[in-house]
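Participant: Handing you this structure, nothing more for now.
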Protein chains: 2
Amino acid sequence: MKKIAIIVAGGAGTRMESILPKQFLLLKNKPILWHSIKAFASAFDDIEMIIVLPEEYIEEGVNIAKEFTDAHNIDFVKGGNTRFDSVKNGLGLIKEEAIIFVHDAVRCLVSAEMIQRCYEQALHQGNAVPAIVATDTIRMIDGDKSISIDRNKIRIIQTPQTFQSTILLPAFEQEYRETFTDEASVAESFGKKIFLIDGEVENIKITRPIDLMIAEKVLEKRIYKS
Amino acid sequence: MKKIAIIVAGGAGTRMESILPKQFLLLKNKPILWHSIKAFASAFDDIEMIIVLPEEYIEEGVNIAKEFTDAHNIDFVKGGNTRFDSVKNGLGLIKEEAIIFVHDAVRCLVSAEMIQRCYEQALHQGNAVPAIVATDTIRMIDGDKSISIDRNKIRIIQTPQTFQSTILLPAFEQEYRETFTDEASVAESFGKKIFLIDGEVENIKITRPIDLMIAEKVLEKRIYKS
């Protein structure tokens with residue numbers, strides 16, 4: 001089936017102590033967004049991409065994507081006020097049935113192998129939401145106190161959250177709610193059961209300076225291995 | 001008040017792809033356990049320590065702690081089958097009223113400043129359990145499905161979990177339960193309200209090879225800053 005990755009890079013990244021949005025920060029001399037595009041391009045020769053960016057950064061995004069546009073159809077669309085709106089803007093370009101990957105641009109360490117696994121599961125089960133188990137003890141705030149939670153029951157959710165277009169497109173026709181923090185919550189509210197899939201410890205979200213350091217180390221190790 | 005840190009290093013560390021228990025792996029040419037001892041020694045001149053180790057590694061621990069034993073009273077005790085048993089073995093050496101820090105040896109990046117904050121809060125409120133907010137979306141397994149959880153309510157728990165001895169010693173007289181995954185859960189089951197305190201993003205648990213890489217980066221940055 002057709003494969004389309006919506007790479008969401010709408011945020012402004014104040015936590016990075018940097019004015020440049022974090023998807024443009026350099027990692028091994030390439031912008032974070034470049035690494036994300038590369039991961040999807042490596043996963044499938046025939047994948048198309050839709051990159052969601054703040055309007056004033058679309059030109060920058062086009063430059064970054066340039067080396068991939070010979071092989072892949074890549075569109076750009078501006079972000080909205082919420083993640084829901086940003087993804088919805090991206091979905092607006094999709095007219096054919098497809099497997100849709102919705103991916104955080106700042107999770108640029110995702111492997112091609114995991115993207116391929118998400119595709120297979122979504123094809124057969126309707127969706128695939130990558131998750132890893134918690135390695136730390138977890139508590140939940142409950143009013144003015146906190147209660148301990150069985151960490152074996154907790155899953156930390158990653159992206160690409162992957163769906164058949166026949167599920168995701170109508171799900172995004174719902175009216176926005178504050179609980180729509182990711183695509184799984186939107187599909188779930190639309191009545192769809194979510195199917196988790198094994199995520200990757202290294203598939204981190206680069207949101208803090210320490211994450212950038214981690215990402216550098218991960219890439220150094222990959223280069224060393226290959 | 002008297003200050004005693006129980007540094008728990010009972011585990012065998014199979015996840016590190018290494019035969020050496022992870023608390024002995026080198027980080028900037030010093031064992032992880034050394035860095036943990038150093039953090040507590042830096043926090044308080046008058047702190048005492050009890051280090052819990054597998055019996056066959058106590059000699060190794062004594063060697064690592066050698067440079068701190070002029071300034072600090074450091075005892076060693078062997079670990080038990082569970083974390084509960086290991087901590088209980090450590091508590092068995094405490095005969096006087098004290099503020100007790102229970103710390104994972106593999107969280108060797110903890111700052112002296114945070115240890116001091118934990119002390120102050122435990123002195124005034126009875127306990128201090130460091131926690132950070134979740135930055136990822138969280139789901140909870142519920143039978144054969146998973147449900148989305150408001151991540152603003154989730155706290156990721158760290159150590160040193162810090163208590164007045166008058167709370168922790170009797171709490172550990174309870175019969176062991178499987179839900180006793182940390183000291184907070186033991187104190188809570190004993191009827192004590194848990195008071196969280198701001199943890200530190202860098203205060204990671206070194207359990208996987210990637211964590212060791214992160215820790216190296218964090219230490220490099222600290223050396224560069226100082």
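Residue names in the structure tokens use chain letters A, B, ... in the order shown, residue numbers from 1 in each chain, and ligand numbers from 1 in the order shown.
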Counting only C-alpha atoms, collect the residues of chain B whose closest atom lies at most 6 Å from chain A, and write them out as number ranges by chain.
Facilitator: B: 137-141, 153-157, 214
Participant: Out of region 33-150 of chain B, which residues get alpha helix (DSSP H) from DSSP, as a ChimeraX atom specification?
Facilitator: /B:33-43,58-65,83-91,112-125
Participant: Grab the CA of Gly79 (chain B) to CA of Gln125 (chain B) distance for me, in Å with one decimal place.
Facilitator: 29.1 Å
Participant: Of the candidates A:Leu109, A:Leu212, A:Val77, A:Ala43, which shows the shortest atom-to-atom distance to Gly10 (chain A), using only C-alpha atoms?
Facilitator: A:Val77
Participant: To one decimal place, how far is CA of Glu56 (chain B) from CA of Lys78 (chain B) in Å?
Facilitator: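 The value is 8.6 Å.
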Participant: With only C-alpha atoms as the basis for distance, which of A:Ala71, A:Ala5, A:Val52, A:Ala39 is at the shortest distance from Arg83 (chain A)?
Facilitator: A:Val52
